[in-house]
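**Q** File input_19.txt below, compact mmCIF, C-alpha atoms:
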```
# COMPACT_ATOMS: atom_id res chain seq x y z
CA MET G 1 0.00 0.00 0.00
CA ALA G 2 2.85 2.35 0.77
CA THR G 3 4.40 1.68 -2.62
CA ARG G 4 1.07 2.31 -4.41
CA ALA G 5 0.56 5.53 -2.44
CA ALA G 6 4.05 6.71 -3.34
CA ALA G 7 3.46 5.97 -7.03
CA THR G 8 0.15 7.82 -6.99
CA SER G 9 1.80 10.80 -5.30
CA LEU G 10 4.59 10.82 -7.89
CA LEU G 11 2.15 10.74 -10.80
CA SER G 12 -0.07 13.42 -9.33
CA ASN G 13 2.90 15.78 -9.11
CA SER G 14 4.06 15.02 -12.66
CA PRO G 15 3.43 17.71 -15.33
CA PHE G 16 2.70 14.96 -17.87
CA PHE G 17 -0.07 13.07 -16.13
CA SER G 18 -3.35 13.75 -14.41
CA SER G 19 -5.65 11.40 -12.56
CA SER G 20 -9.40 11.35 -12.25
CA SER G 21 -11.78 9.22 -10.23
CA ARG G 22 -14.87 7.71 -11.81
CA ARG G 23 -17.81 5.91 -10.30
CA THR G 24 -19.43 3.11 -12.25
CA THR G 25 -22.13 0.58 -11.54
CA SER G 26 -21.79 -2.89 -13.05
CA ARG G 27 -24.84 -4.17 -14.96
CA ASN G 28 -24.84 -7.34 -12.86
CA GLU G 29 -23.92 -5.82 -9.54
CA SER G 30 -25.42 -3.12 -7.40
CA THR G 31 -22.06 -2.35 -5.84
CA VAL G 32 -20.65 1.06 -6.75
CA LYS G 33 -16.99 0.81 -7.66
CA CYS G 34 -14.40 3.58 -7.61
CA PHE G 35 -11.23 3.49 -9.64
CA THR G 36 -8.52 5.88 -10.75
CA ILE G 37 -7.60 6.52 -14.39
CA VAL G 38 -4.16 7.90 -15.20
CA ARG G 39 -3.99 9.52 -18.58
CA CYS G 40 -1.48 11.59 -20.50
CA SER G 41 -2.48 15.24 -20.49
CA ALA G 42 0.77 16.95 -21.36
CA SER G 43 -0.14 20.05 -23.31
CA LEU G 44 1.67 21.28 -26.38
CA SER G 45 0.45 24.79 -25.80
CA THR G 46 1.31 27.57 -23.40
CA SER G 47 -1.26 29.97 -22.08
CA ASN G 48 -1.21 31.94 -25.34
CA GLY G 49 -1.71 28.86 -27.53
CA SER G 50 1.82 28.47 -28.88
CA ILE G 51 3.67 25.16 -28.70
CA ASP G 52 5.99 24.72 -25.74
CA THR G 53 8.31 21.75 -25.19
CA PRO G 54 7.93 20.33 -21.66
CA LEU G 55 11.00 19.93 -19.52
CA GLY G 56 12.96 16.81 -20.35
CA VAL G 57 10.95 15.91 -23.46
CA LYS G 58 13.84 16.67 -25.81
CA ASP G 59 15.75 13.79 -24.25
CA ARG G 60 13.03 11.24 -24.94
CA PRO G 61 13.95 8.52 -27.49
CA TRP G 62 10.53 8.67 -29.17
CA LYS G 63 8.90 11.40 -31.24
CA ILE G 64 6.46 13.68 -29.45
CA ALA G 65 3.60 15.75 -30.84
CA ASP G 66 5.15 18.68 -32.67
CA ALA G 67 2.42 19.73 -35.13
CA ARG G 68 -1.12 21.04 -35.12
CA LEU G 69 -4.08 20.94 -37.45
CA VAL G 70 -6.36 23.89 -36.70
CA LEU G 71 -9.75 23.79 -38.40
CA GLU G 72 -11.91 26.79 -39.20
CA ASP G 73 -14.48 25.66 -36.65
CA GLY G 74 -11.91 26.34 -33.90
CA SER G 75 -10.95 22.75 -33.15
CA VAL G 76 -7.23 22.05 -32.63
CA TRP G 77 -5.75 18.62 -33.31
CA ASN G 78 -2.27 17.93 -31.95
CA ALA G 79 -0.20 15.47 -33.95
CA LYS G 80 3.27 14.35 -34.94
CA SER G 81 4.83 15.62 -38.15
CA PHE G 82 6.50 13.82 -41.04
CA GLY G 83 7.65 15.02 -44.43
CA ALA G 84 8.16 18.76 -44.70
CA THR G 85 7.85 21.31 -41.90
CA GLY G 86 6.33 24.79 -41.86
CA THR G 87 2.80 26.17 -42.09
CA GLN G 88 0.30 25.41 -44.85
CA VAL G 89 -3.37 26.27 -45.38
CA GLY G 90 -5.85 24.13 -47.31
CA GLU G 91 -9.27 22.50 -47.48
CA VAL G 92 -9.55 19.25 -45.51
CA VAL G 93 -11.22 16.31 -47.28
CA PHE G 94 -11.30 12.60 -46.42
CA ASN G 95 -10.47 9.74 -48.79
CA THR G 96 -11.86 6.26 -48.18
CA SER G 97 -9.45 4.32 -50.42
CA LEU G 98 -7.76 1.36 -48.76
CA THR G 99 -4.71 1.47 -51.03
CA GLY G 100 -3.06 3.80 -53.51
CA TYR G 101 -1.82 6.66 -51.35
CA GLN G 102 0.96 7.42 -53.84
CA GLU G 103 -1.48 7.88 -56.72
CA ILE G 104 -3.56 10.12 -54.45
CA LEU G 105 -0.50 12.20 -53.56
CA THR G 106 0.25 12.83 -57.23
CA ASP G 107 -3.33 13.44 -58.41
CA PRO G 108 -3.43 17.12 -59.49
CA SER G 109 -7.14 17.28 -58.58
CA TYR G 110 -6.11 17.51 -54.91
CA ALA G 111 -4.39 20.88 -55.37
CA GLY G 112 -5.22 23.16 -52.45
CA GLN G 113 -6.44 20.34 -50.22
CA PHE G 114 -5.29 18.32 -47.21
CA VAL G 115 -6.15 14.68 -47.76
CA LEU G 116 -7.14 12.69 -44.69
CA MET G 117 -6.90 8.94 -45.23
CA THR G 118 -9.64 7.01 -43.42
CA ASN G 119 -7.62 3.80 -43.75
CA PRO G 120 -5.61 3.93 -40.52
CA HIS G 121 -2.30 2.38 -41.61
CA ILE G 122 -0.40 4.31 -44.28
CA GLY G 123 3.14 4.06 -45.65
CA ASN G 124 3.75 0.32 -45.39
CA THR G 125 4.46 -0.10 -49.14
CA GLY G 126 6.72 2.93 -49.36
CA ILE G 127 7.15 4.80 -52.63
CA ASN G 128 8.04 3.80 -56.18
CA LEU G 129 8.21 6.00 -59.26
CA ASP G 130 6.00 3.71 -61.39
CA ASP G 131 2.80 4.58 -59.53
CA GLU G 132 2.88 8.36 -59.90
CA GLU G 133 -0.05 10.03 -61.66
CA SER G 134 1.77 13.29 -62.46
CA GLN G 135 5.25 14.77 -62.29
CA GLN G 136 4.84 16.20 -58.79
CA CYS G 137 2.66 16.34 -55.67
CA PHE G 138 0.02 19.06 -55.76
CA LEU G 139 -1.91 18.47 -52.53
CA GLY G 140 -1.33 20.69 -49.52
CA GLY G 141 -0.76 17.97 -46.94
CA LEU G 142 -1.46 14.40 -45.82
CA VAL G 143 -3.25 13.43 -42.59
CA VAL G 144 -3.02 9.82 -41.35
CA ARG G 145 -3.77 7.90 -38.18
CA SER G 146 -0.77 5.57 -38.14
CA LEU G 147 2.42 6.06 -40.15
CA SER G 148 4.17 2.77 -40.82
CA PRO G 149 7.67 2.77 -39.26
CA SER G 150 8.92 0.39 -41.96
CA THR G 151 8.27 -0.47 -45.59
CA SER G 152 7.72 -3.89 -47.17
CA ASN G 153 7.32 -3.97 -50.94
CA TRP G 154 9.62 -5.23 -53.67
CA ARG G 155 9.15 -2.05 -55.73
CA CYS G 156 9.83 0.37 -52.85
CA THR G 157 12.62 2.88 -53.45
CA GLU G 158 12.17 5.17 -50.42
CA PRO G 159 9.88 5.66 -47.42
CA LEU G 160 6.88 7.96 -47.57
CA SER G 161 8.31 10.50 -45.11
CA ASP G 162 11.47 11.05 -47.18
CA TYR G 163 9.42 11.32 -50.36
CA LEU G 164 7.20 14.06 -48.93
CA ALA G 165 10.15 15.94 -47.43
CA LYS G 166 11.88 16.11 -50.83
CA ARG G 167 8.70 17.52 -52.38
CA ASN G 168 8.01 19.98 -49.55
CA ILE G 169 4.70 18.33 -48.62
CA MET G 170 3.62 18.31 -44.99
CA GLY G 171 2.20 15.26 -43.24
CA ILE G 172 0.89 14.54 -39.76
CA TYR G 173 0.10 11.30 -37.93
CA ASP G 174 -1.04 10.04 -34.53
CA VAL G 175 -4.21 12.09 -34.88
CA ASP G 176 -7.79 10.87 -34.49
CA THR G 177 -8.73 10.64 -38.17
CA ARG G 178 -12.05 8.95 -37.34
CA ALA G 179 -13.17 11.91 -35.23
CA ILE G 180 -12.09 14.41 -37.90
CA THR G 181 -13.92 12.42 -40.58
CA ARG G 182 -17.13 12.46 -38.52
CA ARG G 183 -16.75 16.22 -38.14
CA LEU G 184 -16.29 16.68 -41.89
CA ARG G 185 -19.35 14.54 -42.64
CA GLN G 186 -21.44 16.54 -40.19
CA GLU G 187 -20.19 20.04 -40.99
CA GLY G 188 -18.88 19.60 -44.52
CA SER G 189 -15.39 20.18 -45.88
CA LEU G 190 -13.47 22.55 -43.61
CA LYS G 191 -10.59 24.89 -44.20
CA GLY G 192 -7.61 24.21 -41.99
CA VAL G 193 -4.01 25.04 -41.25
CA LEU G 194 -1.18 22.56 -40.72
CA SER G 195 1.77 23.92 -38.78
CA THR G 196 4.96 22.80 -37.05
CA ASP G 197 5.80 26.40 -36.15
CA GLY G 198 5.72 26.67 -32.36
CA SER G 199 5.84 30.47 -32.47
CA LYS G 200 2.35 30.69 -33.97
CA THR G 201 -0.59 30.58 -31.58
CA ASP G 202 -3.75 28.61 -32.20
CA LYS G 203 -5.54 31.90 -32.85
CA ASP G 204 -2.93 32.88 -35.45
CA LEU G 205 -3.58 29.64 -37.32
CA LEU G 206 -7.35 29.97 -36.93
CA ASP G 207 -7.20 33.47 -38.42
CA MET G 208 -5.22 32.09 -41.37
CA SER G 209 -7.97 29.56 -42.08
CA HIS G 210 -10.64 32.27 -41.95
CA ASN G 211 -8.71 34.55 -44.31
CA TRP G 212 -8.18 31.88 -46.99
CA ASP G 213 -10.69 30.45 -49.44
CA ILE G 214 -10.73 27.85 -52.19
CA VAL G 215 -14.13 28.67 -53.71
CA GLY G 216 -13.90 30.77 -56.87
CA VAL G 217 -10.13 30.24 -57.21
CA ASP G 218 -8.59 29.09 -60.50
CA LEU G 219 -6.51 26.10 -59.39
CA ILE G 220 -6.23 24.64 -62.89
CA SER G 221 -3.68 27.23 -64.00
CA GLY G 222 -1.26 25.91 -61.37
CA VAL G 223 -1.40 22.27 -62.47
CA THR G 224 -1.73 22.34 -66.28
CA CYS G 225 1.17 21.78 -68.68
CA ASN G 226 3.00 24.76 -70.19
CA ALA G 227 3.05 23.60 -73.82
CA PRO G 228 1.52 20.85 -76.02
CA TYR G 229 3.19 17.44 -76.07
CA GLU G 230 2.59 13.95 -77.46
CA TRP G 231 1.79 11.08 -75.10
CA VAL G 232 2.86 7.60 -76.23
CA ASP G 233 3.00 5.31 -73.17
CA LYS G 234 0.49 2.48 -72.91
CA THR G 235 -0.48 0.50 -69.85
CA GLY G 236 2.43 -1.84 -69.10
CA SER G 237 1.91 -5.45 -70.15
CA GLU G 238 2.23 -6.66 -66.55
CA TRP G 239 -0.68 -4.42 -65.55
CA GLU G 240 -2.91 -4.73 -68.61
CA PHE G 241 -6.23 -6.36 -67.75
CA ASN G 242 -8.22 -5.59 -70.92
CA THR G 243 -7.29 -8.10 -73.63
CA SER G 244 -9.63 -6.75 -76.33
CA ASP G 245 -7.96 -6.25 -79.69
CA SER G 246 -7.59 -2.65 -80.86
CA VAL G 247 -5.17 -3.28 -83.75
CA GLY G 248 -5.79 -0.95 -86.69
CA LYS G 249 -7.77 1.55 -84.64
CA ARG G 250 -5.84 4.80 -84.52
CA PHE G 251 -7.74 7.90 -83.47
CA HIS G 252 -6.17 11.27 -82.85
CA VAL G 253 -7.39 12.69 -79.53
CA VAL G 254 -6.60 16.17 -78.26
CA ALA G 255 -6.57 16.04 -74.46
CA TYR G 256 -7.05 19.28 -72.54
CA ASP G 257 -4.88 19.17 -69.44
CA PHE G 258 -6.88 20.61 -66.53
CA GLY G 259 -4.81 18.42 -64.20
CA ILE G 260 -4.81 15.18 -66.18
CA LYS G 261 -3.76 11.88 -64.60
CA HIS G 262 -1.24 9.72 -66.42
CA ASN G 263 -3.41 6.64 -66.32
CA ILE G 264 -6.16 8.35 -68.34
CA LEU G 265 -3.58 8.86 -71.07
CA ARG G 266 -2.30 5.30 -70.75
CA ARG G 267 -5.78 3.81 -71.05
CA LEU G 268 -6.62 5.89 -74.12
CA THR G 269 -3.30 4.98 -75.76
CA SER G 270 -3.90 1.30 -74.98
CA ALA G 271 -7.31 1.64 -76.62
CA GLY G 272 -5.65 2.72 -79.86
CA CYS G 273 -5.42 6.51 -79.63
CA LYS G 274 -2.72 8.94 -80.62
CA ILE G 275 -2.81 11.69 -78.01
CA THR G 276 -1.80 15.34 -78.13
CA VAL G 277 -1.98 16.97 -74.70
CA VAL G 278 -2.58 20.73 -74.67
CA PRO G 279 -2.64 23.35 -71.87
CA SER G 280 -5.90 24.43 -70.27
CA THR G 281 -5.77 27.83 -72.03
CA TRP G 282 -5.19 26.37 -75.51
CA LYS G 283 -7.58 28.02 -77.94
CA ALA G 284 -10.35 25.87 -79.35
CA SER G 285 -9.49 27.02 -82.87
CA GLU G 286 -5.91 25.80 -82.45
CA ALA G 287 -7.11 22.45 -81.10
CA LEU G 288 -9.44 21.97 -84.07
CA LYS G 289 -6.60 22.81 -86.47
CA LEU G 290 -4.92 19.60 -85.27
CA ASN G 291 -7.83 17.76 -86.96
CA PRO G 292 -8.63 15.49 -84.00
CA ASP G 293 -11.06 12.61 -84.15
CA GLY G 294 -12.14 13.52 -80.63
CA VAL G 295 -11.37 15.81 -77.70
CA LEU G 296 -10.92 14.82 -74.06
CA PHE G 297 -11.58 17.31 -71.27
CA SER G 298 -9.70 15.97 -68.27
CA ASN G 299 -10.04 15.96 -64.52
CA GLY G 300 -8.73 18.88 -62.51
CA PRO G 301 -8.90 20.68 -59.17
CA GLY G 302 -11.26 23.24 -57.72
CA ASP G 303 -14.36 25.15 -58.73
CA PRO G 304 -15.48 24.87 -62.39
CA SER G 305 -17.13 28.30 -62.09
CA ALA G 306 -13.67 29.80 -61.47
CA VAL G 307 -12.47 28.93 -64.99
CA PRO G 308 -14.90 30.59 -67.44
CA TYR G 309 -12.22 30.48 -70.13
CA ALA G 310 -12.35 26.67 -70.01
CA VAL G 311 -16.14 26.69 -70.30
CA GLU G 312 -15.88 28.89 -73.39
CA THR G 313 -13.36 26.48 -74.93
CA VAL G 314 -15.76 23.57 -74.38
CA LYS G 315 -18.61 25.56 -75.96
CA GLU G 316 -16.55 26.20 -79.09
CA ILE G 317 -15.60 22.53 -79.51
CA ILE G 318 -18.79 20.60 -78.73
CA GLY G 319 -20.76 19.74 -81.83
CA LYS G 320 -17.69 19.82 -84.05
CA VAL G 321 -16.01 16.59 -82.90
CA PRO G 322 -16.92 13.90 -80.36
CA VAL G 323 -15.97 14.89 -76.81
CA PHE G 324 -15.41 13.00 -73.57
CA GLY G 325 -15.28 14.71 -70.18
CA ILE G 326 -13.91 13.24 -66.95
CA CYS G 327 -14.51 14.80 -63.53
CA MET G 328 -13.73 18.52 -64.04
CA GLY G 329 -14.28 17.96 -67.75
CA HIS G 330 -17.74 16.58 -66.95
CA GLN G 331 -18.58 19.70 -64.93
CA LEU G 332 -17.30 22.03 -67.65
CA ILE G 333 -19.43 20.24 -70.23
CA GLY G 334 -22.42 20.61 -67.93
CA GLN G 335 -21.87 24.36 -67.71
CA ALA G 336 -21.17 24.67 -71.44
CA LEU G 337 -24.54 23.04 -72.16
CA GLY G 338 -26.26 25.65 -69.99
CA GLY G 339 -26.38 23.70 -66.73
CA LYS G 340 -25.24 24.70 -63.27
CA THR G 341 -22.74 23.20 -60.86
CA PHE G 342 -22.73 23.34 -57.08
CA LYS G 343 -20.33 22.63 -54.20
CA MET G 344 -21.11 19.41 -52.37
CA LYS G 345 -21.13 19.12 -48.59
CA PHE G 346 -17.97 17.00 -48.34
CA GLY G 347 -17.54 15.68 -51.87
CA HIS G 348 -16.68 12.18 -53.08
CA HIS G 349 -13.13 10.95 -52.51
CA GLY G 350 -12.26 7.26 -52.59
CA GLY G 351 -12.09 4.06 -54.57
CA ASN G 352 -15.29 2.41 -53.39
CA HIS G 353 -18.25 4.52 -54.59
CA PRO G 354 -21.18 2.61 -56.16
CA VAL G 355 -22.54 4.06 -59.40
CA ARG G 356 -25.48 2.82 -61.47
CA ASP G 357 -25.27 2.94 -65.25
CA ILE G 358 -28.90 3.74 -66.06
CA ARG G 359 -28.58 2.64 -69.69
CA LYS G 360 -27.34 -0.85 -68.83
CA ASN G 361 -28.94 -1.16 -65.40
CA ARG G 362 -25.51 -2.11 -64.14
CA VAL G 363 -23.76 -1.15 -60.90
CA GLU G 364 -20.07 -0.27 -60.95
CA ILE G 365 -17.72 0.39 -58.05
CA SER G 366 -15.87 3.55 -58.97
CA ALA G 367 -12.94 5.77 -58.00
CA GLN G 368 -14.01 9.35 -57.32
CA ASN G 369 -12.40 12.66 -56.38
CA HIS G 370 -14.51 15.81 -56.63
CA ASN G 371 -16.12 18.47 -54.46
CA TYR G 372 -18.49 19.83 -57.13
CA ALA G 373 -21.32 18.27 -59.11
CA VAL G 374 -23.65 19.07 -62.00
CA ASP G 375 -27.28 19.90 -61.17
CA PRO G 376 -29.24 17.64 -63.56
CA GLU G 377 -32.39 19.75 -63.19
CA SER G 378 -30.59 22.69 -64.79
CA LEU G 379 -29.65 20.84 -67.99
CA PRO G 380 -31.48 21.54 -71.27
CA GLU G 381 -33.74 19.10 -73.06
CA GLY G 382 -31.88 16.37 -74.92
CA VAL G 383 -29.12 15.94 -72.34
CA GLN G 384 -29.33 12.51 -70.73
CA VAL G 385 -28.22 11.58 -67.22
CA THR G 386 -26.50 8.24 -67.81
CA HIS G 387 -25.06 7.45 -64.38
CA ILE G 388 -26.20 8.02 -60.79
CA ASN G 389 -24.10 7.89 -57.63
CA LEU G 390 -25.91 5.43 -55.38
CA ASN G 391 -24.64 7.04 -52.16
CA ASP G 392 -26.50 10.31 -52.68
CA ASP G 393 -28.26 10.08 -56.09
CA SER G 394 -26.06 12.83 -57.54
CA CYS G 395 -25.38 13.02 -61.28
CA ALA G 396 -22.39 10.84 -62.18
CA GLY G 397 -22.57 10.83 -65.99
CA LEU G 398 -24.06 12.65 -68.97
CA ALA G 399 -24.63 12.09 -72.67
CA PHE G 400 -25.92 14.27 -75.48
CA PRO G 401 -26.13 11.97 -78.52
CA ALA G 402 -27.10 14.77 -80.91
CA LEU G 403 -23.72 16.46 -80.31
CA ASN G 404 -21.60 13.31 -79.72
CA ILE G 405 -20.99 14.17 -76.06
CA MET G 406 -20.27 11.79 -73.19
CA SER G 407 -18.95 12.49 -69.71
CA LEU G 408 -18.39 10.93 -66.30
CA GLN G 409 -18.10 12.61 -62.91
CA TYR G 410 -15.78 9.88 -61.64
CA HIS G 411 -12.51 8.27 -62.77
CA PRO G 412 -12.85 5.30 -65.17
CA GLU G 413 -9.06 4.92 -65.26
CA ALA G 414 -9.09 4.36 -61.47
CA SER G 415 -5.45 4.35 -60.32
CA PRO G 416 -6.08 3.75 -57.54
CA GLY G 417 -9.37 1.93 -57.64
CA PRO G 418 -11.42 -0.80 -59.34
CA HIS G 419 -11.54 -1.41 -63.09
CA ASP G 420 -15.33 -1.69 -63.39
CA SER G 421 -15.65 1.45 -65.53
CA ASP G 422 -12.68 0.91 -67.87
CA SER G 423 -15.04 -0.03 -70.73
CA VAL G 424 -16.00 3.64 -71.08
CA PHE G 425 -12.80 4.24 -73.04
CA GLY G 426 -14.09 1.74 -75.59
CA GLU G 427 -17.36 3.71 -75.69
CA PHE G 428 -15.40 6.83 -76.59
CA ILE G 429 -13.68 4.90 -79.38
CA THR G 430 -17.11 3.80 -80.64
CA LEU G 431 -18.36 7.41 -80.49
CA MET G 432 -15.45 8.54 -82.68
CA GLU G 433 -16.01 5.63 -85.08
CA GLN G 434 -19.68 6.47 -85.52
CA ALA G 435 -18.86 10.15 -86.13
CA LYS G 436 -16.74 9.10 -89.12
CA LEU G 437 -19.62 7.24 -90.81
```
Show me this structure written as structure tokens.

**A**
Amino acid sequence: MATRAAATSLLSNSPFFSSSSRRTTSRNESTVKCFTIVRCSASLSTSNGSIDTPLGVKDRPWKIADARLVLEDGSVWNAKSFGATGTQVGEVVFNTSLTGYQEILTDPSYAGQFVLMTNPHIGNTGINLDDEESQQCFLGGLVVRSLSPSTSNWRCTEPLSDYLAKRNIMGIYDVDTRAITRRLRQEGSLKGVLSTDGSKTDKDLLDMSHNWDIVGVDLISGVTCNAPYEWVDKTGSEWEFNTSDSVGKRFHVVAYDFGIKHNILRRLTSAGCKITVVPSTWKASEALKLNPDGVLFSNGPGDPSAVPYAVETVKEIIGKVPVFGICMGHQLIGQALGGKTFKMKFGHHGGNHPVRDIRKNRVEISAQNHNYAVDPESLPEGVQVTHINLNDDSCAGLAFPALNIMSLQYHPEASPGPHDSDSVFGEFITLMEQAKL
């Protein structure tokens, strides 16, 4: 008893621990039991909200919380940092994919956003250059529950932390991602600030989140290519799952780069297309001078209403050649046809979203990444809604046969994600074939 009393006294005087007594009644017993819970309550913050390192912590052999995520609703989430250090502001969204964090990191559609992975264990497969979906990372930061301390994959070339540090991307871990996800689902996507800067108070970071906005900002101009180029790479033979024969089918497709993913280009090339990629500001007249058999309007980040120049380009091209829109391209086509787009509560981000193809009465599991959607009620007569998201009944695909238009709100190329929707590339090929008749 003396030893237990001494231990309790020692803990109660420690700056790192606090104790509290609770009274509980067992379901099967009427006896009231008292017990003491000892929990870590060491604070990162001083009285003014800045981070302070407790005495003796610097000598500890394990990493302590040295970062904060401050959300616009005033909540502060202490965490441990990995990757780059500093302070960054962005919109927090959650992604429900179980695998494919490297493809998510290099998806240009995440520009301006912090991606929170709902899968708790991240980093175990490390990084390899084969899985990248663009030439760089565009997202603002990565939020994970548990960062793997080791890697185990035969293709791994470096750990996730080193990869992010080289690309100046911040990451945090040991944070309650489930609680943050519930908050985002209840309140909608929230602006936030990631920081490892101990000199900044919580209020400083909160003010930064309030003074920043992503709505109405042209994010496409920061992710598009600078000049046209030819894409020639197909899906590698070891990864090819579609064995249909496309020999003799060569269609020239002009692909507008609003933040295009490499696997879209690979899948089109594998389907028998010659591809010329052009910047987002490329004039429609110049694109048509290339005499394409079809035009692809790609995925991309942000608000479609913030890029009226892109909408005008789509207007000038539709009706002249077959067109295919993916994600941002789908939204731009919707606006070009006279429809409206709106910001969703928390968007769709993940590789497990069920979609129903109304034409075939077929359900596909899809990969999605978007915060905006087309309002189907605003579309003119003749435009068909071809796909519906089964989670919320939002518009997931359009077609306008009279003008040879097709579009999807989600990612048929997946990467990461299932291959259920890959056949849509064949539908685009068929659309171009029929236009030649």

**Q** Given all atoms listed in the file as the basis, pick out the residue of G:Ile220, G:Asn291, G:Phe346, G:Ser146 nearest to Arg182 of chain G.

**A** G:Phe346

**Q** What would the list of residues within 10 Å of (0.2, 3.9, -82.0) (file frame) look like as JSON, numbers by chain, if all atoms listed in the file are what count?

**A** {"G": [232, 233, 234, 247, 248, 249, 250, 251, 252, 269, 270, 271, 272, 273, 274, 275]}

**Q** I want to know what sits within 10 Å of Asn352 of chain G, based on all atoms listed in the file, with residues of the same chain fewer than 5 positions away left out; could you give that as an MDAnalysis selection string?

**A** chainID G and resid 95:98 364:368 417:418

**Q** Can you write just those residues out, C-alpha atoms, as a compact mmCIF listing (two decimals), keeping the file's coordinate frame?

**A**
```txt
# COMPACT_ATOMS: atom_id res chain seq x y z
CA ASN G 95 -10.47 9.74 -48.79
CA THR G 96 -11.86 6.26 -48.18
CA SER G 97 -9.45 4.32 -50.42
CA LEU G 98 -7.76 1.36 -48.76
CA GLU G 364 -20.07 -0.27 -60.95
CA ILE G 365 -17.72 0.39 -58.05
CA SER G 366 -15.87 3.55 -58.97
CA ALA G 367 -12.94 5.77 -58.00
CA GLN G 368 -14.01 9.35 -57.32
CA GLY G 417 -9.37 1.93 -57.64
CA PRO G 418 -11.42 -0.80 -59.34
```

**Q** Go through G:Gly171, G:Gly302, G:Gly351, G:Gly198 one by one, measure the shortest atom-to-atom distance of each to Gly112 of chain G using only C-alpha atoms, and give the residue with the smallest value.

**A**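 Result for the nearest residue to Gly112 of chain G: G:Gly302.
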
**Q** How would you write as a ChimeraX atom specification the residues that get within 7 Å of (-1.8, 24.5, -69.3) in the file's frame, counting all atoms listed in the file?

**A** /G:221,224-227,257-258,278-281

**Q** As an exercise, work out the distance from atom CA of Arg155 of chain G to atom CA of Gln135 of chain G in Å and give it to one decimal place.

**A**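 Atom CA of Arg155 of chain G sits 18.5 Å away from atom CA of Gln135 of chain G.
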
**Q** What does the distance between atom CA of Thr341 of chain G and atom CA of Ser189 of chain G come to in Å, to one decimal place?

**A**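 About the pair atom CA of Thr341 of chain G and atom CA of Ser189 of chain G: they are 17.0 Å apart.
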
**Q** Between atom CA of Met432 of chain G and atom CA of Lys320 of chain G, what is the spacing in Å?

**A**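 Distance between the two atoms: 11.6 Å.
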
**Q** Show me, as an MDAnalysis selection string, the residues that have an atom within 12 Å of Ala399 of chain G when counting only C-alpha atoms, minus same-chain residues fewer than 4 positions from it.

**A** chainID G and resid 318 322:325 330 333:334 337 357:359 376 379:387 395 403:409 427:428 431

**Q** Find the residue from G:Lys191, G:Lys315, G:Arg267, G:Lys345 that sits nearest to Lys283 of chain G; use only C-alpha atoms when measuring.

**A** G:Lys315

**Q** Determine the nearest neighbour of Pro304 of chain G from the options G:Gly319, G:Gly140, G:Gly329, G:Pro292, counting only C-alpha atoms.

**A**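 Residue with the minimum atom-to-atom distance to Pro304 of chain G: G:Gly329.
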
**Q** Would you list the contacts of segment 259-264 of chain G as a PyMOL selection string, taking every protein, DNA or RNA residue within 9 Å and counting only C-alpha atoms, but skipping same-chain residues closer than 4 positions in sequence?

**A** chain G and resi 106-109+132-134+220-225+234-235+255+268-269+280+297-301+328+411-415

**Q** Using C-alpha atoms, can you export the residues from the last selection as a JSON list (two decimals), in the frame of the given file?

**A**
```json
[["chain", "number", "residue", "atom", "x", "y", "z"],
["G", 106, "THR", "CA", 0.25, 12.83, -57.23],
["G", 107, "ASP", "CA", -3.33, 13.44, -58.41],
["G", 108, "PRO", "CA", -3.43, 17.12, -59.49],
["G", 109, "SER", "CA", -7.14, 17.28, -58.58],
["G", 132, "GLU", "CA", 2.88, 8.36, -59.90],
["G", 133, "GLU", "CA", -0.05, 10.03, -61.66],
["G", 134, "SER", "CA", 1.77, 13.29, -62.46],
["G", 220, "ILE", "CA", -6.23, 24.64, -62.89],
["G", 221, "SER", "CA", -3.68, 27.23, -64.00],
["G", 222, "GLY", "CA", -1.26, 25.91, -61.37],
["G", 223, "VAL", "CA", -1.40, 22.27, -62.47],
["G", 224, "THR", "CA", -1.73, 22.34, -66.28],
["G", 225, "CYS", "CA", 1.17, 21.78, -68.68],
["G", 234, "LYS", "CA", 0.49, 2.48, -72.91],
["G", 235, "THR", "CA", -0.48, 0.50, -69.85],
["G", 255, "ALA", "CA", -6.57, 16.04, -74.46],
["G", 268, "LEU", "CA", -6.62, 5.89, -74.12],
["G", 269, "THR", "CA", -3.30, 4.98, -75.76],
["G", 280, "SER", "CA", -5.90, 24.43, -70.27],
["G", 297, "PHE", "CA", -11.58, 17.31, -71.27],
["G", 298, "SER", "CA", -9.70, 15.97, -68.27],
["G", 299, "ASN", "CA", -10.04, 15.96, -64.52],
["G", 300, "GLY", "CA", -8.73, 18.88, -62.51],
["G", 301, "PRO", "CA", -8.90, 20.68, -59.17],
["G", 328, "MET", "CA", -13.73, 18.52, -64.04],
["G", 411, "HIS", "CA", -12.51, 8.27, -62.77],
["G", 412, "PRO", "CA", -12.85, 5.30, -65.17],
["G", 413, "GLU", "CA", -9.06, 4.92, -65.26],
["G", 414, "ALA", "CA", -9.09, 4.36, -61.47],
["G", 415, "SER", "CA", -5.45, 4.35, -60.32]]
```

**Q** Considering all atoms listed in the file, can you say which of G:Arg68, G:Lys63, G:Lys203, G:Arg185 comes closest to Met170 of chain G?

**A**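 Once distances to Met170 of chain G are computed over all atoms listed in the file, the minimum belongs to G:Arg68.
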